[in-house]
Amino acid sequence: MSTFEVQDTVGEVVARRPVLSRAFEQADIDYCCNGRKTVEEACREKGLDPQAFVAALNVAAPSDGEETMADTAVMPLTELVDHIERTHHAYLRAEFPRLGGMTAKVVSVHGEKDPRLQDLRDTVLALAGELSQHMMKEEHVLFPMIRQLDASEETPVFHCGSLGNPIRMMELEHTAAGSALERLRALTDTFSPPEWACTTYRALLDALAHLERDLHQHIHKENNVLFPRALEMAERKRRLPEHRSD
């Protein structure tokens with residue numbers, strides 16, 4: 001079993017044991033966009049005892065579902081980007097039209113009772129538009145670059161300069177998506193339905209909670225696993241000609 005310390009980053013912990021993402025979710029600790037914070041920093045921001053939290057991580061038994069979770073830390077880079085497209089991109093493309101329809105119905109029925117619902121719908125639609133463009137850039141620019149890097153003996157010459165340029169842009173867009181998720185959580189009282197909520201409203205809140213969990217996993221896999229590994233590979237392969245000339 002892995003042993004964790006308070007100075008480990010949140011992203012490192014989840015990368016080493018993906019099942020522990022649930023522990024961070026339960027503590028309302030962002031392990032995707034803020035994955036570079038140490039466990040100690042993240043715990044203190046939430047008023048938690050870092051040592052007690054790490055102790056709980058270290059004794060946590062694997063859940064029944066842990067073996068089925070993708071071990072992205074050891075996947076070849078090409079396999080990892082394929083996994084992200086098939087799992088997370090496909091989910092978002094299927095889910096956003098559904099969320100659009102559900103938010104329209106809930107606003108039309110309950111909008112006068114809770115004015116926040118229109119803001120909720122606007123936030124969902126804006127997030128859908130931004131992530132649709134984001135996924136297109138990944139699938140047509142960044143991910144092909146990573147596949148090319150993975151298949152090459154040396155770091156290829158990319159049209160946009162270094163691999164770090166598009167990665168930085170994607171990370172900024174991930175931060176914006178994280179802010180939108182925080183707004184959705186605030187607008188729904190942490191996805192808690194009021195007593196008068198209809199079935200569609202309750203289903204919408206459940207879907208938004210699932211969206212948050214999936215996007216946290218999605219962004220974590222890119223920010224804390226895919227991007228650092230791709231940059232490390234690019235640097236390592238860039239240095240190969242130096243060693244060959246020795």
# chains A, B, ... in the order shown; residues from 1 in each chain; ligands from 1

$ residues_around --residues "range 99-114 of chain A" --least-positions-apart "5" --cutoff "10 Å" --atoms "only C-alpha atoms" --output "JSON, numbers by chain"
{"A": [94, 119, 120, 121, 122, 124, 125, 128, 196, 197, 198, 199, 200, 201, 202, 203, 204, 205, 207, 208, 211]}

$ residues_around --residues "range 137-139 of chain A" --least-positions-apart "3" --cutoff "9 Å" --atoms "only C-alpha atoms" --output "tab-separated table (two decimals) with C-alpha atoms, in the first residue's frame"
chain	number	residue	atom	x	y	z
A	81	VAL	CA	-5.58	10.31	-24.66
A	85	GLU	CA	-11.73	10.93	-25.50
A	132	SER	CA	-17.19	21.91	-26.69
A	133	GLN	CA	-14.57	24.30	-28.08
A	134	HIS	CA	-12.04	23.06	-25.54
A	142	LEU	CA	-2.99	18.89	-28.53
A	143	PHE	CA	-3.86	15.20	-28.51
A	144	PRO	CA	-2.47	14.59	-32.04
A	166	PRO	CA	-1.22	24.43	-25.90
A	170	MET	CA	-5.82	23.97	-21.77

$ closest_residue --among "A:Leu48, A:Met145, A:Ala176, A:Ile29" --to "Gly161 in chain A" --atoms "only C-alpha atoms"
A:Met145

$ closest_residue --among "A:Leu215, A:Ala15, A:Leu163, A:Leu20" --to "Tyr91 in chain A" --atoms "only C-alpha atoms"
A:Leu215

$ closest_atom_pairs --of "range 75-134 of chain A" --to "range 147-159 of chain A" --cutoff "12 Å" --atoms "only C-alpha atoms" --output "CSV"
residue,atom,partner,partner_atom,distance
A:Met75,CA,A:Asp150,CA,11.5
A:Pro76,CA,A:Asp150,CA,7.9
A:Leu77,CA,A:Asp150,CA,6.3
A:Thr78,CA,A:Arg147,CA,5.2
A:Glu79,CA,A:Arg147,CA,8.9
A:Leu80,CA,A:Arg147,CA,9.7
A:Val81,CA,A:Arg147,CA,8.0
A:Asp82,CA,A:Arg147,CA,9.5

$ write_last_selection --atoms "C-alpha atoms" --output "mmCIF file, in the first residue's frame"
data_model
loop_
_atom_site.group_PDB
_atom_site.id
_atom_site.type_symbol
_atom_site.label_atom_id
_atom_site.label_comp_id
_atom_site.auth_asym_id
_atom_site.auth_seq_id
_atom_site.Cartn_x
_atom_site.Cartn_y
_atom_site.Cartn_z
ATOM 1 C CA MET A 75 -1.041 3.936 -19.475
ATOM 2 C CA PRO A 76 1.048 4.757 -22.575
ATOM 3 C CA LEU A 77 0.312 8.357 -23.553
ATOM 4 C CA THR A 78 -1.553 7.369 -26.715
ATOM 5 C CA GLU A 79 -3.748 5.008 -24.741
ATOM 6 C CA LEU A 80 -4.377 7.706 -22.150
ATOM 7 C CA VAL A 81 -5.585 10.314 -24.658
ATOM 8 C CA ASP A 82 -7.761 7.657 -26.294
#

$ closest_residue --among "A:Lys46, A:His216, A:His210, A:Arg22" --to "Thr175 in chain A" --atoms "only C-alpha atoms"
A:His216

$ atom_distance --atom1 "CA of Arg116 in chain A" --atom2 "CA of Glu130 in chain A"
21.0 Å

$ select_by_dssp --residues "range 66-246 of chain A" --states "helix (DSSP H, G or I)" --output "PyMOL selection string"
chain A and resi 66-68+77-110+116-151+164-187+199-238+240-244

$ decode --residues "range 120-170 of chain A" --atoms "N, CA and C atoms" --output "CSV table (one decimal), in the first residue's frame"
chain,number,residue,atom,x,y,z
A,120,LEU,N,-28.7,29.3,-13.4
A,120,LEU,CA,-28.2,27.9,-13.5
A,120,LEU,C,-28.2,27.5,-14.9
A,121,ARG,N,-29.3,27.7,-15.6
A,121,ARG,CA,-29.3,27.3,-17.0
A,121,ARG,C,-28.3,28.0,-17.8
A,122,ASP,N,-28.1,29.3,-17.6
A,122,ASP,CA,-27.1,30.1,-18.4
A,122,ASP,C,-25.7,29.6,-18.1
A,123,THR,N,-25.5,29.2,-16.9
A,123,THR,CA,-24.1,28.7,-16.5
A,123,THR,C,-23.9,27.3,-17.2
A,124,VAL,N,-24.9,26.5,-17.2
A,124,VAL,CA,-24.8,25.2,-17.9
A,124,VAL,C,-24.5,25.3,-19.4
A,125,LEU,N,-25.3,26.2,-20.0
A,125,LEU,CA,-25.2,26.4,-21.5
A,125,LEU,C,-23.8,27.0,-21.8
A,126,ALA,N,-23.3,28.0,-21.0
A,126,ALA,CA,-22.0,28.6,-21.2
A,126,ALA,C,-20.9,27.5,-21.1
A,127,LEU,N,-21.0,26.7,-20.0
A,127,LEU,CA,-20.0,25.7,-19.8
A,127,LEU,C,-20.0,24.7,-21.0
A,128,ALA,N,-21.2,24.3,-21.4
A,128,ALA,CA,-21.3,23.4,-22.6
A,128,ALA,C,-20.6,24.0,-23.8
A,129,GLY,N,-20.8,25.3,-24.1
A,129,GLY,CA,-20.2,25.9,-25.2
A,129,GLY,C,-18.7,26.0,-25.1
A,130,GLU,N,-18.2,26.4,-23.9
A,130,GLU,CA,-16.8,26.5,-23.7
A,130,GLU,C,-16.1,25.1,-23.8
A,131,LEU,N,-16.7,24.1,-23.2
A,131,LEU,CA,-16.0,22.8,-23.2
A,131,LEU,C,-16.1,22.1,-24.6
A,132,SER,N,-17.1,22.5,-25.3
A,132,SER,CA,-17.2,21.9,-26.7
A,132,SER,C,-16.0,22.4,-27.5
A,133,GLN,N,-15.7,23.7,-27.4
A,133,GLN,CA,-14.6,24.3,-28.1
A,133,GLN,C,-13.3,23.7,-27.5
A,134,HIS,N,-13.2,23.6,-26.2
A,134,HIS,CA,-12.0,23.1,-25.5
A,134,HIS,C,-11.7,21.6,-26.0
A,135,MET,N,-12.7,20.8,-26.1
A,135,MET,CA,-12.5,19.4,-26.6
A,135,MET,C,-12.1,19.4,-28.0
A,136,MET,N,-12.6,20.3,-28.8
A,136,MET,CA,-12.2,20.3,-30.2
A,136,MET,C,-10.7,20.7,-30.3
A,137,LYS,N,-10.3,21.6,-29.5
A,137,LYS,CA,-8.8,22.0,-29.6
A,137,LYS,C,-8.0,20.9,-29.1
A,138,GLU,N,-8.4,20.1,-28.1
A,138,GLU,CA,-7.6,19.0,-27.6
A,138,GLU,C,-7.6,17.9,-28.7
A,139,GLU,N,-8.7,17.6,-29.3
A,139,GLU,CA,-8.8,16.5,-30.2
A,139,GLU,C,-8.1,16.8,-31.6
A,140,HIS,N,-8.1,18.1,-32.0
A,140,HIS,CA,-7.5,18.4,-33.3
A,140,HIS,C,-6.1,19.0,-33.2
A,141,VAL,N,-5.7,19.5,-32.0
A,141,VAL,CA,-4.4,20.1,-31.9
A,141,VAL,C,-3.5,19.3,-30.8
A,142,LEU,N,-3.9,19.4,-29.6
A,142,LEU,CA,-3.0,18.9,-28.5
A,142,LEU,C,-2.9,17.4,-28.5
A,143,PHE,N,-4.0,16.7,-28.6
A,143,PHE,CA,-3.9,15.2,-28.5
A,143,PHE,C,-3.1,14.6,-29.7
A,144,PRO,N,-3.3,15.1,-30.9
A,144,PRO,CA,-2.5,14.6,-32.0
A,144,PRO,C,-1.0,14.9,-31.8
A,145,MET,N,-0.7,16.0,-31.2
A,145,MET,CA,0.7,16.3,-30.9
A,145,MET,C,1.3,15.3,-29.9
A,146,ILE,N,0.5,14.9,-28.9
A,146,ILE,CA,0.9,13.9,-27.9
A,146,ILE,C,1.1,12.6,-28.5
A,147,ARG,N,0.2,12.2,-29.4
A,147,ARG,CA,0.3,10.9,-30.1
A,147,ARG,C,1.5,10.9,-30.9
A,148,GLN,N,1.8,12.0,-31.6
A,148,GLN,CA,3.0,12.0,-32.5
A,148,GLN,C,4.3,11.9,-31.6
A,149,LEU,N,4.3,12.6,-30.5
A,149,LEU,CA,5.4,12.5,-29.5
A,149,LEU,C,5.6,11.1,-29.1
A,150,ASP,N,4.5,10.4,-28.7
A,150,ASP,CA,4.6,9.1,-28.1
A,150,ASP,C,5.1,8.1,-29.2
A,151,ALA,N,4.9,8.3,-30.4
A,151,ALA,CA,5.3,7.4,-31.5
A,151,ALA,C,6.7,7.7,-32.1
A,152,SER,N,7.2,8.9,-31.7
A,152,SER,CA,8.5,9.3,-32.3
A,152,SER,C,9.7,9.0,-31.4
A,153,GLU,N,10.8,8.8,-32.0
A,153,GLU,CA,12.0,8.5,-31.2
A,153,GLU,C,12.6,9.8,-30.6
A,154,GLU,N,12.4,10.9,-31.2
A,154,GLU,CA,12.8,12.2,-30.8
A,154,GLU,C,11.6,13.1,-30.7
A,155,THR,N,11.8,14.2,-30.0
A,155,THR,CA,10.7,15.2,-29.9
A,155,THR,C,10.4,15.8,-31.2
A,156,PRO,N,9.2,15.7,-31.8
A,156,PRO,CA,9.0,16.3,-33.1
A,156,PRO,C,9.0,17.8,-33.0
A,157,VAL,N,9.1,18.4,-34.2
A,157,VAL,CA,9.0,19.9,-34.3
A,157,VAL,C,7.5,20.2,-34.5
A,158,PHE,N,6.9,20.9,-33.6
A,158,PHE,CA,5.5,21.2,-33.7
A,158,PHE,C,5.3,22.6,-34.2
A,159,HIS,N,4.2,22.8,-34.9
A,159,HIS,CA,3.9,24.0,-35.6
A,159,HIS,C,3.7,25.2,-34.6
A,160,CYS,N,3.3,24.9,-33.4
A,160,CYS,CA,3.0,25.9,-32.4
A,160,CYS,C,4.1,26.1,-31.4
A,161,GLY,N,5.3,25.6,-31.8
A,161,GLY,CA,6.5,25.7,-30.9
A,161,GLY,C,6.6,24.5,-30.0
A,162,SER,N,6.5,24.7,-28.7
A,162,SER,CA,6.7,23.6,-27.8
A,162,SER,C,5.3,23.1,-27.4
A,163,LEU,N,5.3,21.9,-26.9
A,163,LEU,CA,4.1,21.3,-26.3
A,163,LEU,C,3.5,22.1,-25.2
A,164,GLY,N,4.4,22.8,-24.5
A,164,GLY,CA,3.9,23.6,-23.3
A,164,GLY,C,2.9,24.7,-23.7
A,165,ASN,N,3.0,25.2,-24.9
A,165,ASN,CA,2.1,26.3,-25.3
A,165,ASN,C,0.6,25.9,-25.3
A,166,PRO,N,0.2,24.8,-26.0
A,166,PRO,CA,-1.2,24.4,-25.9
A,166,PRO,C,-1.6,23.9,-24.5
A,167,ILE,N,-0.6,23.2,-23.8
A,167,ILE,CA,-1.0,22.7,-22.5
A,167,ILE,C,-1.3,23.9,-21.6
A,168,ARG,N,-0.6,24.9,-21.6
A,168,ARG,CA,-0.9,26.1,-20.7
A,168,ARG,C,-2.3,26.6,-21.0
A,169,MET,N,-2.6,26.7,-22.3
A,169,MET,CA,-4.0,27.2,-22.7
A,169,MET,C,-5.0,26.2,-22.1
A,170,MET,N,-4.8,24.9,-22.3
A,170,MET,CA,-5.8,24.0,-21.8
A,170,MET,C,-6.0,24.1,-20.3
